[in-house]
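For reference, the structure is listed below as structure tokens.
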2 protein chains.
Amino acid sequence: MEENSVLVFGSVAYDCIETPFDKADYILGGSASYAALASSFFAPTKMVGVVGGDFKQDDIRRLSARGIDIRGLEIKSEGQTFFWRGKYCNNFNERDTLEVRVNVYENYDPKIPEALRNCPFVLLGNIDPSVQTKVLDKMESPRFVILDTMNLWIEIANKPLRELIKRADILILNDSEARQLANENNLILCGDLLREMGAKSVIIKKGEHGAMLFHADGFFTLPAYPVRALHDPTGAGDSFAGALAGYMAGAGSTDFETIKRAMLAGTAAASITVESFSCYKLEESGLAEVEAREEHIRKITAV
Amino acid sequence: MEENSVLVFGSVAYDCIETPFDKADYILGGSASYAALASSFFAPTKMVGVVGGDFKQDDIRRLSARGIDIRGLEIKSEGQTFFWRGKYCNNFNERDTLEVRVNVYENYDPKIPEALRNCPFVLLGNIDPSVQTKVLDKMESPRFVILDTMNLWIEIANKPLRELIKRADILILNDSEARQLANENNLILCGDLLREMGAKSVIIKKGEHGAMLFHADGFFTLPAYPVRALHDPTGAGDSFAGALAGYMAGAGSTDFETIKRAMLAGTAAASITVESFSCYKLEESGLAEVEAREEHIRKITAV
């Protein structure tokens, strides 16, 4: 086990996506796929999840090609991979979920191979908080836990989510989710309230408006990278969380200054992800492009 | 005439405002009032506008107390001051205009005293673009022109507004107005398109999400100051524009770096304005508080 590796848990899925300009069928998606690929630029990354017999060898190769450890990726050959069909409309302002088939994630009992249980950095990607809890329970005293979630779980699994938040070093959620969970409109106050719920620190993502960090050592805010060629927003948040976790693990540090720089990495990775379907652009661009964007964000915020 | 003074033109008004928490009647408002008060912290400021016989001596004193030159503030004693009644609801997410009485601004022909016509910095605060044009026509080769506007004029005075934009060194507008005028959803592309319309540079204000600058020398973005005690958003944009103009005039410089620092001043001033009705908090706080907030914004964005 490498000192500073990341265990990424979440969904591994096939997505059918329609945007105002384009469409794609059965492309690799899911919170764990995006997050693991983004994390792998910065640190050794181990992925935990489950896929069905329909999962393509090519997609296994995509993950392996980035050096991702997939010993924790269970293959249920008799089942089907998690499936999501969605459509972006009104100039990307709305996203409709047209179809979800949980498939192999139904009654899924996550198995963490022994060799992965002492991974120091754990990213619990967006999925049912009860299952996230099962994964965390199986880890051996992780050094740093990053928890991502979404509105669905705030609504239907509020109690287990709130319990899990108390174990998070960073809780990540978007602006509307933060407002919903904190029951407060002012996002600055939301950050304070969510920390009071027990998360050591909180990152609120605001899409095109960037992200904010609420931490015991202070407040920090970062704009989004100025994307001119938005192609598909799917996976932006997962890529952000993955690069954040990977950067911190790679740096081997968890302090306020490191989290700020990790948010820069996350913002850069997310901006690349949205310029293509799936992780195609992120895989093709590589670390050099991620770092060039980090540098550009520093430049456009310096005053 | 001081070398680096600002001429602020716009509305001077009495507002009746209701927020989710509080209400206030007949308080000093209008784009020129907020802008001139914010500008006056940084540079000699001259105000041009018109009020009625109901305009209170106390409010004259408020402006004079900040050293604002009000020789260009016409008093039509037989008329009534511009009046606006508005209500913020749904946690400040919506603003309804309940009543507008243009009063002395109806058929107003702006008079610029001879001594004010060679003012080098001109801020055309939000008002009918035909009237803004009349003011600009009367100025003697201004060095730098800042133009503010709003959705109403994009809708009902699109042609004169577009003509005026070609004469602006900086066009300021908010995100929804930028989308409307550029007919484009992606704000980054909006900035490019609005510069193509002829504005030398463009600032898009995004309220709680900060502001972006599109300039020949590059792109720059700044978050909002993290306001925890939002009281009344009225005048935030006008205060931003006023402090921006004042800062540039005070610095005596118009380059990209100066505009960035001027946006910092504008952001700080706007954050103080929204913490009270009218300009009460801004007047009371003074330059020290504005500068402390500028420094805080530097701190929360540094990475």
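Each chain in the structure tokens gets a letter, A, B, ..., in the order shown, and its residues are numbered from 1; ligands are numbered from 1 in order too.
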Chain A residues near chain B (9 Å cut-off, only C-alpha atoms) as JSON, numbers by chain: {"A": [91, 92, 93, 184, 185, 186, 187, 188, 189, 206, 208, 209, 210, 218, 219, 220, 221, 222, 223, 226, 227, 228, 230, 257, 260, 261, 264, 298, 299, 300, 301, 302, 303]}
Expected file: the selected residues, N, CA and C atoms, as an mmCIF file, in the first residue's frame:
```cif
data_model
loop_
_atom_site.group_PDB
_atom_site.id
_atom_site.type_symbol
_atom_site.label_atom_id
_atom_site.label_comp_id
_atom_site.auth_asym_id
_atom_site.auth_seq_id
_atom_site.Cartn_x
_atom_site.Cartn_y
_atom_site.Cartn_z
ATOM 1 N N ASN A 91 -30.452 25.410 -22.992
ATOM 2 C CA ASN A 91 -29.085 25.911 -22.892
ATOM 3 C C ASN A 91 -28.356 25.401 -21.649
ATOM 4 N N PHE A 92 -28.518 24.132 -21.333
ATOM 5 C CA PHE A 92 -27.851 23.496 -20.182
ATOM 6 C C PHE A 92 -28.393 23.963 -18.828
ATOM 7 N N ASN A 93 -29.470 24.777 -18.821
ATOM 8 C CA ASN A 93 -29.989 25.249 -17.538
ATOM 9 C C ASN A 93 -30.782 24.191 -16.786
ATOM 10 N N GLU A 184 -31.341 27.264 4.447
ATOM 11 C CA GLU A 184 -30.914 28.671 4.528
ATOM 12 C C GLU A 184 -30.572 29.131 3.105
ATOM 13 N N ASN A 185 -30.915 30.367 2.778
ATOM 14 C CA ASN A 185 -30.708 30.861 1.425
ATOM 15 C C ASN A 185 -29.302 31.430 1.198
ATOM 16 N N ASN A 186 -28.773 32.127 2.191
ATOM 17 C CA ASN A 186 -27.447 32.750 2.079
ATOM 18 C C ASN A 186 -26.359 31.665 2.134
ATOM 19 N N LEU A 187 -25.628 31.505 1.029
ATOM 20 C CA LEU A 187 -24.667 30.399 0.933
ATOM 21 C C LEU A 187 -23.538 30.503 1.954
ATOM 22 N N ILE A 188 -23.189 31.727 2.338
ATOM 23 C CA ILE A 188 -22.121 31.908 3.327
ATOM 24 C C ILE A 188 -22.589 31.332 4.678
ATOM 25 N N LEU A 189 -23.833 31.645 5.021
ATOM 26 C CA LEU A 189 -24.398 31.088 6.255
ATOM 27 C C LEU A 189 -24.569 29.564 6.150
ATOM 28 N N LYS A 206 -20.487 25.781 -7.126
ATOM 29 C CA LYS A 206 -21.495 26.652 -7.733
ATOM 30 C C LYS A 206 -21.440 26.603 -9.269
ATOM 31 N N GLU A 208 -20.709 27.188 -12.854
ATOM 32 C CA GLU A 208 -19.984 28.236 -13.590
ATOM 33 C C GLU A 208 -19.487 29.360 -12.679
ATOM 34 N N HIS A 209 -19.995 29.401 -11.420
ATOM 35 C CA HIS A 209 -19.579 30.470 -10.500
ATOM 36 C C HIS A 209 -18.469 30.033 -9.539
ATOM 37 N N GLY A 210 -17.935 28.816 -9.714
ATOM 38 C CA GLY A 210 -16.806 28.401 -8.893
ATOM 39 C C GLY A 210 -17.192 27.645 -7.642
ATOM 40 N N GLY A 218 -10.306 29.249 8.012
ATOM 41 C CA GLY A 218 -10.747 30.402 7.228
ATOM 42 C C GLY A 218 -11.640 30.033 6.063
ATOM 43 N N PHE A 219 -11.963 31.058 5.289
ATOM 44 C CA PHE A 219 -12.844 30.945 4.132
ATOM 45 C C PHE A 219 -12.003 31.149 2.881
ATOM 46 N N PHE A 220 -12.331 30.411 1.823
ATOM 47 C CA PHE A 220 -11.600 30.543 0.560
ATOM 48 C C PHE A 220 -12.582 30.386 -0.587
ATOM 49 N N THR A 221 -12.359 31.127 -1.649
ATOM 50 C CA THR A 221 -13.264 31.012 -2.793
ATOM 51 C C THR A 221 -12.489 31.068 -4.101
ATOM 52 N N LEU A 222 -12.962 30.309 -5.060
ATOM 53 C CA LEU A 222 -12.274 30.134 -6.336
ATOM 54 C C LEU A 222 -13.315 30.222 -7.445
ATOM 55 N N PRO A 223 -13.016 30.933 -8.541
ATOM 56 C CA PRO A 223 -13.976 30.958 -9.650
ATOM 57 C C PRO A 223 -13.884 29.662 -10.448
ATOM 58 N N PRO A 226 -12.813 29.642 -17.004
ATOM 59 C CA PRO A 226 -13.729 30.185 -18.026
ATOM 60 C C PRO A 226 -13.866 29.277 -19.242
ATOM 61 N N VAL A 227 -14.887 28.426 -19.220
ATOM 62 C CA VAL A 227 -15.115 27.453 -20.298
ATOM 63 C C VAL A 227 -15.902 28.097 -21.430
ATOM 64 N N ARG A 228 -15.338 28.095 -22.618
ATOM 65 C CA ARG A 228 -16.034 28.641 -23.788
ATOM 66 C C ARG A 228 -16.718 27.540 -24.600
ATOM 67 N N LEU A 230 -18.518 24.499 -23.711
ATOM 68 C CA LEU A 230 -19.258 23.550 -22.879
ATOM 69 C C LEU A 230 -19.896 22.486 -23.766
ATOM 70 N N GLU A 257 -4.015 25.245 3.371
ATOM 71 C CA GLU A 257 -3.330 25.672 2.141
ATOM 72 C C GLU A 257 -3.356 24.578 1.088
ATOM 73 N N LYS A 260 -6.826 24.383 -0.507
ATOM 74 C CA LYS A 260 -7.001 25.447 -1.511
ATOM 75 C C LYS A 260 -6.406 25.037 -2.862
ATOM 76 N N ARG A 261 -5.155 24.538 -2.808
ATOM 77 C CA ARG A 261 -4.504 24.151 -4.072
ATOM 78 C C ARG A 261 -5.191 22.941 -4.697
ATOM 79 N N LEU A 264 -8.017 24.058 -6.719
ATOM 80 C CA LEU A 264 -7.526 24.545 -8.012
ATOM 81 C C LEU A 264 -7.417 23.367 -8.983
ATOM 82 N N ARG A 298 -4.995 30.778 -11.476
ATOM 83 C CA ARG A 298 -4.211 31.677 -10.618
ATOM 84 C C ARG A 298 -4.091 33.058 -11.250
ATOM 85 N N LYS A 299 -3.861 33.066 -12.566
ATOM 86 C CA LYS A 299 -3.626 34.326 -13.277
ATOM 87 C C LYS A 299 -4.888 35.200 -13.310
ATOM 88 N N ILE A 300 -6.035 34.592 -13.590
ATOM 89 C CA ILE A 300 -7.256 35.387 -13.741
ATOM 90 C C ILE A 300 -7.859 35.821 -12.408
ATOM 91 N N THR A 301 -7.280 35.345 -11.292
ATOM 92 C CA THR A 301 -7.785 35.780 -9.981
ATOM 93 C C THR A 301 -6.784 36.673 -9.250
ATOM 94 N N ALA A 302 -5.568 36.787 -9.782
ATOM 95 C CA ALA A 302 -4.529 37.548 -9.077
ATOM 96 C C ALA A 302 -4.810 39.046 -9.146
ATOM 97 N N VAL A 303 -4.735 39.713 -8.010
ATOM 98 C CA VAL A 303 -4.964 41.162 -7.990
ATOM 99 C C VAL A 303 -4.088 41.776 -6.898
#
```
Within 9 Å of A:Ala24 using only C-alpha atoms, minus same-chain residues under 5 positions, as JSON, numbers by chain: {"A": [15, 16, 17, 18, 19, 277]}
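Among B:Ala65, B:Ile154, B:Leu73, B:Cys279, the residue with the shortest atom-to-atom distance to B:Gly52, counting only C-alpha atoms, is B:Leu73.
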Filtered DSSP result for stretch 218-252 of chain B, state strand (DSSP E), as an MDAnalysis selection string: chainID B and resid 218:222
Dump of C-alpha atoms for the selected residues, as a PDB file, in the first residue's frame:
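What landed in part05.pdb:
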```
ATOM      1  CA  GLY B 218      -7.160  39.586 -20.574  1.00  0.00           C
ATOM      2  CA  PHE B 219      -9.875  38.131 -18.419  1.00  0.00           C
ATOM      3  CA  PHE B 220     -10.225  38.698 -14.673  1.00  0.00           C
ATOM      4  CA  THR B 221     -12.688  37.454 -12.099  1.00  0.00           C
ATOM      5  CA  LEU B 222     -13.406  38.384  -8.510  1.00  0.00           C
TER       6      LEU B 222
END
```
All alpha helix (DSSP H) residues (DSSP, backbone) inside stretch 127-282 of chain B, as a ChimeraX atom specification: /B:129-138,151-156,158-165,175-182,187-196,236-251,256-273,280-282
Separation of atom CA of A:Ala262 from atom CA of A:Glu275 in Å: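 Rounded to one decimal, the two atoms are 20.6 Å apart.
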B:Asp217 environment, 10 Å, only C-alpha atoms, sequence neighbours closer than 4 positions dropped, as a PyMOL selection string: chain B and resi 201+255-257
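Of the listed residues (A:Arg66, A:Lys46, A:Arg85, A:Lys23), A:Arg66 comes nearest to A:Gly286; the distances count only C-alpha atoms.
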